[in-house]
Amino acid sequence: MKRSVALCLVAAVLFGISATASAGVVVSWDSANQRGGDLHNAATSDLGYSAFEVGLLARGHTVLPGLSTLTAGGLADVDMFFHGTSSHILTAAEASAISNFVQNGGCVLVEADTLSNEWQSANSLLSALALGSLFNGSTGGGNSATGGLFSSNNTWATVGPMGDLRGLTFGVSVAADLNIGTGTLVGTNGSTDMIVEFQPYGASGGRVLAVGDPLGFNLFQNASGGGGLYNANDQAAYLNFFENQVGGSTIPAPAALLLGGLGVGLVNWLRRRRTL
């Protein structure tokens, strides 16, 4: 009887672990709409997004081919829309599509650099979510691998499967300043408020991470390049934000499958021992 109980406990633990991997789906703009390029099959230059894509794939997530236009169909079955360094101004139809997406629980990660056309693009998306034009035209901060500082606030970006980043540093370049508005401060570059998290539709909706520096660039995420600005906490914050949305992906999908297989093998082994 005791061995049967132990058998059930072992199986429950192993299958429980294997089930904790929760893979998510990300889609971005395509290369025509985003200076950093399509997150899917991203470019490997310092201004590409390949390191971020590799990080997502390594955690078991899916990156879909980028979108030329935001539509309900294009955002169907997607967990996060990545709006990187884009100069695309949303149409009324696109504004409606992204608003419905976030109201129904989808998340958005929006970056802009110190370029006015990227502020305008980001503001068109934020305004579609009733957050207003938060990129205010000011810039500040400096260039450093440790020049960014995460706030002490408990947000999806600062606390998640990749660890507790509160009070830690991250890599930055000169950044665009954001009005906090109804959001929660996530990170600063000197006196510049450059990362803010929002929940525009309350607890039933998704969240928005607005970033006044393109931290998705390989410049900040690739240790072998990037001009000395690399800091692993940049990608950790992005993965925290996304994985809090999908429920935490603590084990990449292949590892989860391996653990499931080990669970089956151990259960069968214990059964054979019981019959001897």
# chains A, B, ... in the order shown; residues from 1 in each chain; ligands from 1
call {"tool": "closest_atom_pairs", "arguments": {"of": "stretch 33-123 of chain A", "to": "stretch 212-224 of chain A", "cutoff": "8 Å", "atoms": "only C-alpha atoms", "output": "Markdown table"}}
result
| residue | atom | partner | partner_atom | distance |
| --- | --- | --- | --- | --- |
| A:Gly36 | CA | A:Phe217 | CA | 7.0 |
| A:Thr44 | CA | A:Asn218 | CA | 7.4 |
| A:Ser45 | CA | A:Asn218 | CA | 7.0 |
| A:Asp46 | CA | A:Leu219 | CA | 4.8 |
| A:Leu47 | CA | A:Phe217 | CA | 5.2 |
| A:Gly48 | CA | A:Phe217 | CA | 5.5 |
| A:Tyr49 | CA | A:Phe217 | CA | 5.1 |
| A:Ser50 | CA | A:Asn218 | CA | 6.7 |
| A:Ala51 | CA | A:Asn218 | CA | 5.7 |
| A:Phe52 | CA | A:Gly216 | CA | 6.0 |
| A:Gly84 | CA | A:Pro214 | CA | 7.0 |
| A:Thr85 | CA | A:Pro214 | CA | 6.8 |
| A:Glu111 | CA | A:Pro214 | CA | 5.4 |
| A:Ala112 | CA | A:Gly212 | CA | 5.2 |
| A:Asp113 | CA | A:Asp213 | CA | 4.9 |
| A:Thr114 | CA | A:Asp213 | CA | 7.5 |
call {"tool": "closest_atom_pairs", "arguments": {"of": "stretch 89-115 of chain A", "to": "stretch 237-244 of chain A", "cutoff": "10 Å", "atoms": "only C-alpha atoms", "output": "Markdown table"}}
result
| residue | atom | partner | partner_atom | distance |
| --- | --- | --- | --- | --- |
| A:Cys107 | CA | A:Phe242 | CA | 7.8 |
| A:Val108 | CA | A:Phe242 | CA | 9.0 |
| A:Leu109 | CA | A:Tyr238 | CA | 8.2 |
call {"tool": "residues_around", "arguments": {"residues": "stretch 117-119 of chain A", "least_positions_apart": "5", "cutoff": "6 Å", "atoms": "only C-alpha atoms", "output": "PDB file with N, CA and C atoms, in the first residue's frame"}}
result
ATOM      1  N   SER A  86       9.115  51.205 -34.586  1.00  0.00           N
ATOM      2  CA  SER A  86       8.249  51.398 -35.735  1.00  0.00           C
ATOM      3  C   SER A  86       7.933  52.878 -35.928  1.00  0.00           C
ATOM      4  N   SER A  87       7.738  53.273 -37.184  1.00  0.00           N
ATOM      5  CA  SER A  87       7.264  54.622 -37.494  1.00  0.00           C
ATOM      6  C   SER A  87       5.844  54.576 -38.071  1.00  0.00           C
ATOM      7  N   ALA A 112      10.279  52.567 -28.260  1.00  0.00           N
ATOM      8  CA  ALA A 112      10.584  53.684 -29.149  1.00  0.00           C
ATOM      9  C   ALA A 112      11.981  54.152 -28.793  1.00  0.00           C
ATOM     10  N   PHE A 135       4.798  59.406 -24.763  1.00  0.00           N
ATOM     11  CA  PHE A 135       6.142  59.812 -25.155  1.00  0.00           C
ATOM     12  C   PHE A 135       6.104  61.327 -25.347  1.00  0.00           C
TER      13      PHE A 135
END
call {"tool": "atom_distance", "arguments": {"atom1": "atom CA of A:Leu129", "atom2": "atom CA of A:Thr62"}}
result
25.0 Å
call {"tool": "residues_around", "arguments": {"residues": "stretch 142-152 of chain A", "least_positions_apart": "5", "cutoff": "8 Å", "atoms": "only C-alpha atoms", "output": "number ranges by chain"}}
result
A: 158, 165-175, 185-190, 220, 228-231
call {"tool": "select_by_dssp", "arguments": {"residues": "stretch 4-234 of chain A", "states": "strand (DSSP E or B)", "output": "PyMOL selection string"}}
result
chain A and resi 25-29+62-63+67+80-83+107-111+135-140+144-150+159-160+163-164+169-172+175-178+184-189+192-198+208-211
call {"tool": "closest_residue", "arguments": {"among": "A:Ser22, A:Ser31, A:Gln103, A:Thr91", "to": "A:Ser68", "atoms": "only C-alpha atoms"}}
result
A:Ser31
call {"tool": "closest_residue", "arguments": {"among": "A:Ser138, A:Thr71, A:Ser116, A:Asn33", "to": "A:Met194", "atoms": "only C-alpha atoms"}}
result
A:Ser138
call {"tool": "select_by_dssp", "arguments": {"residues": "stretch 18-164 of chain A", "states": "alpha helix (DSSP H)", "output": "JSON, numbers by chain"}}
result
{"A": [18, 50, 51, 52, 53, 54, 55, 56, 57, 58, 92, 93, 94, 95, 96, 97, 98, 99, 100, 101, 102, 103, 116, 117, 118, 119, 120, 121, 122, 123, 124, 125, 126, 127, 128]}
call {"tool": "atom_distance", "arguments": {"atom1": "atom CA of A:Pro65", "atom2": "atom CA of A:Ala42"}}
result
9.9 Å
call {"tool": "residues_around", "arguments": {"residues": "A:Leu125", "least_positions_apart": "3", "cutoff": "8 Å", "atoms": "only C-alpha atoms", "output": "list in words"}}
result
Ile89, Leu90, Ala95, Ile98, Ser121, Ala122, Ala128 and Leu129 of chain A
call {"tool": "write_last_selection", "arguments": {"atoms": "C-alpha atoms", "output": "PDB file, in the first residue's frame"}}
result
ATOM      1  CA  ILE A  89       0.897  55.302 -37.400  1.00  0.00           C
ATOM      2  CA  LEU A  90      -2.087  53.107 -36.612  1.00  0.00           C
ATOM      3  CA  ALA A  95      -6.468  51.026 -33.325  1.00  0.00           C
ATOM      4  CA  ILE A  98      -5.226  46.402 -30.802  1.00  0.00           C
ATOM      5  CA  SER A 121       4.021  55.713 -33.798  1.00  0.00           C
ATOM      6  CA  ALA A 122       4.172  54.518 -30.196  1.00  0.00           C
ATOM      7  CA  ALA A 128      -5.650  53.494 -29.109  1.00  0.00           C
ATOM      8  CA  LEU A 129      -5.526  51.924 -25.633  1.00  0.00           C
TER       9      LEU A 129
END
call {"tool": "closest_residue", "arguments": {"among": "A:Asp164, A:Leu75, A:Met80, A:Val208", "to": "A:Ala23", "atoms": "only C-alpha atoms"}}
result
A:Met80
call {"tool": "atom_distance", "arguments": {"atom1": "atom CA of A:Thr155", "atom2": "atom CA of A:Thr184"}}
result
7.7 Å
